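Structure, as structure tokens:
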Amino acid sequence: EDQVTQSPEALRLQEGESSSLNCSYTVSGLRGLFWYRQDPGKGPEFLFTLYSAGEEKEKERLKATLTKKESFLHITAPKPEDSATYLCAVQAWGSGGGADGLTFGKGTHLIIQP
Amino acid sequence: DAGVTQSPTHLIKTRGQQVTLRCSPISGHKSVSWYQQVLGQGPQFIFQYYEKEERGRGNFPDRFSARQFPNYSSELNVNALLLGDSALYLCASGTGGNEKLFFGSGTQLSVL
């Protein structure tokens, strides 16, 4: 069974204080690892897809990295508007070679204080 | 451009009742997926439909069913509602590969 564990559950930072969020995963065959951002009362918003160990992607103050067992979401000099819940998800190859649904972690609730 | 739209936004039902949730994908997207999100948890996969056919099913009981129409919109049906079905139901659309899903804002279902 595919599993995703995110840590910490909650993180409070001062504006400008950089940090990293962790996503540990176990999956039978990784098709992709995804990061989403979710604001209160809204659906998740896509951030990144990573496919293979060693891959990195960046967007503004966010950088996602991937190893064979975990992914990190690095947040550099965060601003209050970066406050949100960050969700990690994996997609495995289905038994027939087709795509299955995403398996999400519980998320990290990030608060950036001015 | 319109994003993924879901209706209704909020719904209150009683145990044992049936409910139908609706989703319209982004124009041009042929895949629709449904997820259940309980407060404090990540979304849990229920169904994926592509070109009107079921492509994947999560670990949910047969009380949950869905379908996709020729215009690629979709409905999620839940029969014999239980208190534990109270959750945010999210619809997501994509091009078919699940590589980048676009989520709607969800339907908040409360079962009393």
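Chain lettering (A, B, ...) mirrors the order of the structure tokens, residue numbering begins at 1 for each chain separately, and ligand numbering begins at 1 in order of display.
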Mind checking which residues fall within 10 Å of B:Asn71, counting only C-alpha atoms, ignoring those fewer than 4 positions away in the same chain, and posting them as a PDB file with N, CA, C and O atoms, in the first residue's frame?
ATOM      1  N   SER B  24     -17.991  20.303 -13.212  1.00  0.00           N
ATOM      2  CA  SER B  24     -17.702  20.639 -14.607  1.00  0.00           C
ATOM      3  C   SER B  24     -16.212  20.890 -14.739  1.00  0.00           C
ATOM      4  O   SER B  24     -15.669  21.764 -14.053  1.00  0.00           O
ATOM      5  N   PRO B  25     -15.534  20.135 -15.603  1.00  0.00           N
ATOM      6  CA  PRO B  25     -14.081  20.288 -15.721  1.00  0.00           C
ATOM      7  C   PRO B  25     -13.708  21.516 -16.539  1.00  0.00           C
ATOM      8  O   PRO B  25     -14.563  22.159 -17.151  1.00  0.00           O
ATOM      9  N   SER B  27     -12.495  23.457 -19.670  1.00  0.00           N
ATOM     10  CA  SER B  27     -12.739  23.185 -21.077  1.00  0.00           C
ATOM     11  C   SER B  27     -11.517  22.525 -21.719  1.00  0.00           C
ATOM     12  O   SER B  27     -10.380  22.999 -21.574  1.00  0.00           O
ATOM     13  N   GLY B  28     -11.773  21.410 -22.399  1.00  0.00           N
ATOM     14  CA  GLY B  28     -10.680  20.692 -23.042  1.00  0.00           C
ATOM     15  C   GLY B  28     -10.133  19.537 -22.229  1.00  0.00           C
ATOM     16  O   GLY B  28      -9.412  18.693 -22.754  1.00  0.00           O
ATOM     17  N   HIS B  29     -10.457  19.506 -20.939  1.00  0.00           N
ATOM     18  CA  HIS B  29     -10.018  18.401 -20.092  1.00  0.00           C
ATOM     19  C   HIS B  29     -11.005  17.250 -20.197  1.00  0.00           C
ATOM     20  O   HIS B  29     -12.211  17.435 -20.054  1.00  0.00           O
ATOM     21  N   LYS B  30     -10.464  16.031 -20.394  1.00  0.00           N
ATOM     22  CA  LYS B  30     -11.316  14.864 -20.577  1.00  0.00           C
ATOM     23  C   LYS B  30     -11.319  13.953 -19.349  1.00  0.00           C
ATOM     24  O   LYS B  30     -12.043  12.979 -19.314  1.00  0.00           O
ATOM     25  N   GLU B  51     -12.688   9.946 -20.600  1.00  0.00           N
ATOM     26  CA  GLU B  51     -13.483   9.645 -21.791  1.00  0.00           C
ATOM     27  C   GLU B  51     -14.702   8.783 -21.441  1.00  0.00           C
ATOM     28  O   GLU B  51     -15.003   7.797 -22.118  1.00  0.00           O
ATOM     29  N   LYS B  52     -15.334   9.127 -20.329  1.00  0.00           N
ATOM     30  CA  LYS B  52     -16.604   8.530 -19.894  1.00  0.00           C
ATOM     31  C   LYS B  52     -16.454   7.121 -19.330  1.00  0.00           C
ATOM     32  O   LYS B  52     -17.446   6.466 -19.022  1.00  0.00           O
TER      33      LYS B  52
END
I'd like a table as JSON lines: residues in chain A with an atom no more than 12 Å from chain B, each row giving the shortest atom pair and its distance in Å to one decimal, only C-alpha atoms counted, sorted by chain and rising residue number.
{"residue": "A:Glu1", "atom": "CA", "partner": "B:Asn59", "partner_atom": "CA", "distance": 11.2}
{"residue": "A:Asp2", "atom": "CA", "partner": "B:Gly58", "partner_atom": "CA", "distance": 11.9}
{"residue": "A:Gln3", "atom": "CA", "partner": "B:Gln44", "partner_atom": "CA", "distance": 11.7}
{"residue": "A:Val4", "atom": "CA", "partner": "B:Gly42", "partner_atom": "CA", "distance": 9.9}
{"residue": "A:Thr5", "atom": "CA", "partner": "B:Gly42", "partner_atom": "CA", "distance": 10.5}
{"residue": "A:Gln6", "atom": "CA", "partner": "B:Gly42", "partner_atom": "CA", "distance": 10.3}
{"residue": "A:Glu9", "atom": "CA", "partner": "B:Gly40", "partner_atom": "CA", "distance": 9.9}
{"residue": "A:Ala10", "atom": "CA", "partner": "B:Gly40", "partner_atom": "CA", "distance": 11.2}
{"residue": "A:Arg31", "atom": "CA", "partner": "B:Glu99", "partner_atom": "CA", "distance": 9.0}
{"residue": "A:Gly32", "atom": "CA", "partner": "B:Glu99", "partner_atom": "CA", "distance": 7.5}
{"residue": "A:Leu33", "atom": "CA", "partner": "B:Glu99", "partner_atom": "CA", "distance": 9.2}
{"residue": "A:Phe34", "atom": "CA", "partner": "B:Glu99", "partner_atom": "CA", "distance": 8.4}
{"residue": "A:Trp35", "atom": "CA", "partner": "B:Lys100", "partner_atom": "CA", "distance": 10.1}
{"residue": "A:Tyr36", "atom": "CA", "partner": "B:Leu101", "partner_atom": "CA", "distance": 9.6}
{"residue": "A:Arg37", "atom": "CA", "partner": "B:Phe103", "partner_atom": "CA", "distance": 11.0}
{"residue": "A:Gln38", "atom": "CA", "partner": "B:Ser105", "partner_atom": "CA", "distance": 10.0}
{"residue": "A:Asp39", "atom": "CA", "partner": "B:Ser105", "partner_atom": "CA", "distance": 9.9}
{"residue": "A:Pro40", "atom": "CA", "partner": "B:Ser105", "partner_atom": "CA", "distance": 9.8}
{"residue": "A:Gly41", "atom": "CA", "partner": "B:Ser105", "partner_atom": "CA", "distance": 6.9}
{"residue": "A:Lys42", "atom": "CA", "partner": "B:Ser105", "partner_atom": "CA", "distance": 4.5}
{"residue": "A:Gly43", "atom": "CA", "partner": "B:Ser105", "partner_atom": "CA", "distance": 4.4}
{"residue": "A:Pro44", "atom": "CA", "partner": "B:Phe103", "partner_atom": "CA", "distance": 6.0}
{"residue": "A:Glu45", "atom": "CA", "partner": "B:Phe103", "partner_atom": "CA", "distance": 6.8}
{"residue": "A:Phe46", "atom": "CA", "partner": "B:Lys100", "partner_atom": "CA", "distance": 6.7}
{"residue": "A:Leu47", "atom": "CA", "partner": "B:Lys100", "partner_atom": "CA", "distance": 8.9}
{"residue": "A:Phe48", "atom": "CA", "partner": "B:Lys100", "partner_atom": "CA", "distance": 8.4}
{"residue": "A:Thr49", "atom": "CA", "partner": "B:Glu99", "partner_atom": "CA", "distance": 7.2}
{"residue": "A:Leu50", "atom": "CA", "partner": "B:Glu99", "partner_atom": "CA", "distance": 9.7}
{"residue": "A:Tyr51", "atom": "CA", "partner": "B:Glu99", "partner_atom": "CA", "distance": 10.0}
{"residue": "A:Thr85", "atom": "CA", "partner": "B:Gly42", "partner_atom": "CA", "distance": 9.8}
{"residue": "A:Tyr86", "atom": "CA", "partner": "B:Gly42", "partner_atom": "CA", "distance": 9.8}
{"residue": "A:Leu87", "atom": "CA", "partner": "B:Gly42", "partner_atom": "CA", "distance": 7.1}
{"residue": "A:Cys88", "atom": "CA", "partner": "B:Gly42", "partner_atom": "CA", "distance": 8.7}
{"residue": "A:Ala89", "atom": "CA", "partner": "B:Gly42", "partner_atom": "CA", "distance": 8.9}
{"residue": "A:Val90", "atom": "CA", "partner": "B:Glu99", "partner_atom": "CA", "distance": 10.4}
{"residue": "A:Gln91", "atom": "CA", "partner": "B:Asn98", "partner_atom": "CA", "distance": 8.2}
{"residue": "A:Ala92", "atom": "CA", "partner": "B:Asn98", "partner_atom": "CA", "distance": 10.6}
{"residue": "A:Trp93", "atom": "CA", "partner": "B:Gly97", "partner_atom": "CA", "distance": 11.0}
{"residue": "A:Gly94", "atom": "CA", "partner": "B:Gly56", "partner_atom": "CA", "distance": 8.7}
{"residue": "A:Ser95", "atom": "CA", "partner": "B:Gly56", "partner_atom": "CA", "distance": 10.7}
{"residue": "A:Gly96", "atom": "CA", "partner": "B:Arg55", "partner_atom": "CA", "distance": 10.6}
{"residue": "A:Gly97", "atom": "CA", "partner": "B:Arg55", "partner_atom": "CA", "distance": 11.4}
{"residue": "A:Gly98", "atom": "CA", "partner": "B:Arg55", "partner_atom": "CA", "distance": 8.1}
{"residue": "A:Ala99", "atom": "CA", "partner": "B:Gly97", "partner_atom": "CA", "distance": 6.8}
{"residue": "A:Asp100", "atom": "CA", "partner": "B:Gly56", "partner_atom": "CA", "distance": 5.8}
{"residue": "A:Gly101", "atom": "CA", "partner": "B:Phe45", "partner_atom": "CA", "distance": 5.7}
{"residue": "A:Leu102", "atom": "CA", "partner": "B:Phe45", "partner_atom": "CA", "distance": 6.4}
{"residue": "A:Thr103", "atom": "CA", "partner": "B:Gln44", "partner_atom": "CA", "distance": 6.7}
{"residue": "A:Phe104", "atom": "CA", "partner": "B:Gly42", "partner_atom": "CA", "distance": 5.4}
{"residue": "A:Gly105", "atom": "CA", "partner": "B:Gly42", "partner_atom": "CA", "distance": 5.4}
{"residue": "A:Lys106", "atom": "CA", "partner": "B:Gly42", "partner_atom": "CA", "distance": 4.3}
{"residue": "A:Gly107", "atom": "CA", "partner": "B:Gly42", "partner_atom": "CA", "distance": 6.3}
{"residue": "A:Thr108", "atom": "CA", "partner": "B:Gly42", "partner_atom": "CA", "distance": 9.9}
{"residue": "A:His109", "atom": "CA", "partner": "B:Gly40", "partner_atom": "CA", "distance": 9.6}
Calculate how many Å separate atom CA of A:Ala77 from atom CA of A:Ala53, rounding to one decimal. 25.5 Å
Among the residues of chain A, find those DSSP assigns to strand (DSSP E or B) from the backbone and print them as a count of residues only. 67
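Using only C-alpha atoms, the smallest distance between any of A:Ser24, A:Leu30, A:Leu13, A:Ser52 and A:Ile75 comes from A:Leu13.
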Can you work out the spacing between atom CA of A:Gln113 and atom CA of A:Lys79 in Å, to one decimal? 7.9 Å
Would you mind reading off the distance between atom CA of A:Lys57 and atom CA of B:Gln36, one decimal, in Å? 28.2 Å
Identify, on the basis of only C-alpha atoms, every residue whose closest approach to A:Glu56 does not exceed 8 Å; exclude the query and any residue fewer than 5 positions from it along the same chain; express the result as a PyMOL selection string. chain A and resi 50+63-66
Residue neighbourhood B:Ile12, 12 Å, only C-alpha atoms, exclusion window fewer than 2 positions, as a PyMOL selection string: chain B and resi 8-10+14-15+17-20+81+83+85-88+107-112
Could you save the residues just selected, with all heavy atoms, as a compact mmCIF listing (two decimals), in the first residue's frame?
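Result file is again11.txt:
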# COMPACT_ATOMS: atom_id res chain seq x y z
N PRO B 8 -23.47 21.48 -5.32
CA PRO B 8 -23.52 22.77 -4.64
C PRO B 8 -22.22 23.01 -3.84
O PRO B 8 -21.39 22.12 -3.75
CB PRO B 8 -24.72 22.61 -3.71
CG PRO B 8 -24.73 21.15 -3.38
CD PRO B 8 -24.26 20.45 -4.62
N THR B 9 -22.08 24.17 -3.25
CA THR B 9 -20.89 24.44 -2.44
C THR B 9 -21.03 23.85 -1.05
O THR B 9 -20.04 23.42 -0.45
CB THR B 9 -20.62 25.94 -2.34
OG1 THR B 9 -21.79 26.58 -1.83
CG2 THR B 9 -20.28 26.53 -3.69
N HIS B 10 -22.24 23.86 -0.54
CA HIS B 10 -22.52 23.29 0.77
C HIS B 10 -23.81 22.48 0.70
O HIS B 10 -24.71 22.79 -0.06
CB HIS B 10 -22.69 24.37 1.85
CG HIS B 10 -21.46 25.17 2.11
ND1 HIS B 10 -21.08 26.24 1.32
CD2 HIS B 10 -20.49 25.04 3.05
CE1 HIS B 10 -19.95 26.73 1.77
NE2 HIS B 10 -19.57 26.03 2.83
N THR B 14 -29.30 14.07 5.96
CA THR B 14 -29.56 13.23 7.13
C THR B 14 -29.07 11.81 6.85
O THR B 14 -29.07 11.37 5.68
CB THR B 14 -31.06 13.21 7.44
OG1 THR B 14 -31.52 14.56 7.61
CG2 THR B 14 -31.35 12.42 8.71
N ARG B 15 -28.66 11.13 7.88
CA ARG B 15 -28.23 9.73 7.74
C ARG B 15 -29.25 8.92 6.94
O ARG B 15 -30.46 9.03 7.17
CB ARG B 15 -28.06 9.09 9.10
CG ARG B 15 -26.74 9.36 9.77
CD ARG B 15 -26.64 8.63 11.10
NE ARG B 15 -27.74 8.95 12.00
CZ ARG B 15 -27.97 8.33 13.14
NH1 ARG B 15 -27.19 7.34 13.51
NH2 ARG B 15 -28.97 8.68 13.90
N GLN B 17 -29.93 9.17 3.78
CA GLN B 17 -30.31 9.82 2.53
C GLN B 17 -29.27 9.59 1.45
O GLN B 17 -28.19 9.03 1.68
CB GLN B 17 -30.50 11.33 2.75
CG GLN B 17 -31.76 11.67 3.51
CD GLN B 17 -32.01 13.17 3.54
OE1 GLN B 17 -31.09 13.97 3.82
NE2 GLN B 17 -33.25 13.56 3.28
N GLN B 18 -29.61 10.05 0.26
CA GLN B 18 -28.73 9.94 -0.90
C GLN B 18 -28.36 11.35 -1.35
O GLN B 18 -29.13 12.30 -1.17
CB GLN B 18 -29.44 9.18 -2.01
CG GLN B 18 -28.69 9.10 -3.33
CD GLN B 18 -29.10 10.19 -4.31
OE1 GLN B 18 -30.15 10.79 -4.17
NE2 GLN B 18 -28.25 10.46 -5.27
N VAL B 19 -27.16 11.49 -1.95
CA VAL B 19 -26.72 12.81 -2.39
C VAL B 19 -26.04 12.69 -3.74
O VAL B 19 -25.41 11.65 -4.06
CB VAL B 19 -25.76 13.44 -1.35
CG1 VAL B 19 -24.45 12.68 -1.28
CG2 VAL B 19 -25.51 14.90 -1.67
N THR B 20 -26.19 13.74 -4.56
CA THR B 20 -25.52 13.82 -5.86
C THR B 20 -24.73 15.12 -5.93
O THR B 20 -25.29 16.19 -5.71
CB THR B 20 -26.52 13.77 -7.02
OG1 THR B 20 -27.22 12.53 -6.99
CG2 THR B 20 -25.80 13.91 -8.35
N LEU B 81 -26.28 7.53 3.31
CA LEU B 81 -25.26 8.35 3.95
C LEU B 81 -25.04 7.99 5.42
O LEU B 81 -26.00 7.71 6.16
CB LEU B 81 -25.65 9.83 3.85
CG LEU B 81 -25.47 10.48 2.48
CD1 LEU B 81 -26.18 11.82 2.42
CD2 LEU B 81 -24.00 10.61 2.15
N LEU B 83 -22.72 9.20 9.05
CA LEU B 83 -22.12 10.39 9.66
C LEU B 83 -20.68 10.58 9.18
O LEU B 83 -20.22 11.70 8.97
CB LEU B 83 -22.15 10.28 11.19
CG LEU B 83 -23.53 10.24 11.84
CD1 LEU B 83 -23.39 10.12 13.36
CD2 LEU B 83 -24.35 11.46 11.48
N ASP B 85 -19.46 10.15 6.40
CA ASP B 85 -19.34 10.67 5.03
C ASP B 85 -19.22 12.19 5.02
O ASP B 85 -18.99 12.79 3.97
CB ASP B 85 -20.55 10.26 4.19
CG ASP B 85 -20.63 8.75 3.98
OD1 ASP B 85 -19.56 8.10 3.97
OD2 ASP B 85 -21.75 8.23 3.83
N SER B 86 -19.36 12.81 6.17
CA SER B 86 -19.21 14.26 6.27
C SER B 86 -17.77 14.64 5.92
O SER B 86 -16.82 14.17 6.55
CB SER B 86 -19.53 14.74 7.69
OG SER B 86 -20.89 14.51 8.00
N ALA B 87 -17.63 15.47 4.90
CA ALA B 87 -16.30 15.79 4.40
C ALA B 87 -16.41 16.84 3.30
O ALA B 87 -17.51 17.18 2.85
CB ALA B 87 -15.60 14.55 3.85
N LEU B 88 -15.26 17.31 2.84
CA LEU B 88 -15.17 18.15 1.65
C LEU B 88 -14.92 17.23 0.46
O LEU B 88 -13.95 16.46 0.46
CB LEU B 88 -14.04 19.16 1.79
CG LEU B 88 -13.81 20.11 0.62
CD1 LEU B 88 -14.98 21.09 0.48
CD2 LEU B 88 -12.49 20.88 0.80
N THR B 107 -17.30 20.58 -2.55
CA THR B 107 -18.64 20.60 -1.94
C THR B 107 -18.49 20.13 -0.50
O THR B 107 -17.98 19.03 -0.26
CB THR B 107 -19.62 19.67 -2.68
OG1 THR B 107 -19.85 20.17 -3.98
CG2 THR B 107 -20.95 19.58 -1.92
N GLN B 108 -18.88 20.97 0.44
CA GLN B 108 -18.82 20.61 1.86
C GLN B 108 -20.11 19.89 2.22
O GLN B 108 -21.19 20.50 2.23
CB GLN B 108 -18.64 21.85 2.73
CG GLN B 108 -18.47 21.53 4.21
CD GLN B 108 -17.20 20.77 4.50
OE1 GLN B 108 -16.10 21.19 4.13
NE2 GLN B 108 -17.32 19.62 5.16
N LEU B 109 -20.03 18.60 2.50
CA LEU B 109 -21.18 17.77 2.85
C LEU B 109 -21.20 17.53 4.35
O LEU B 109 -20.21 17.06 4.92
CB LEU B 109 -21.13 16.44 2.11
CG LEU B 109 -22.19 15.41 2.51
CD1 LEU B 109 -23.58 15.90 2.15
CD2 LEU B 109 -21.91 14.06 1.84
N SER B 110 -22.31 17.85 4.95
CA SER B 110 -22.51 17.56 6.38
C SER B 110 -23.65 16.57 6.50
O SER B 110 -24.74 16.79 5.96
CB SER B 110 -22.85 18.84 7.15
OG SER B 110 -21.77 19.76 7.09
N VAL B 111 -23.41 15.45 7.19
CA VAL B 111 -24.43 14.44 7.41
C VAL B 111 -24.81 14.46 8.89
O VAL B 111 -23.95 14.27 9.77
CB VAL B 111 -23.94 13.05 7.00
CG1 VAL B 111 -25.04 12.02 7.20
CG2 VAL B 111 -23.48 13.04 5.55
N LEU B 112 -26.10 14.70 9.16
CA LEU B 112 -26.56 14.82 10.55
C LEU B 112 -27.34 13.59 10.99
O LEU B 112 -27.90 12.88 10.13
CB LEU B 112 -27.43 16.07 10.69
CG LEU B 112 -26.77 17.39 10.23
CD1 LEU B 112 -27.74 18.54 10.39
CD2 LEU B 112 -25.48 17.64 11.00
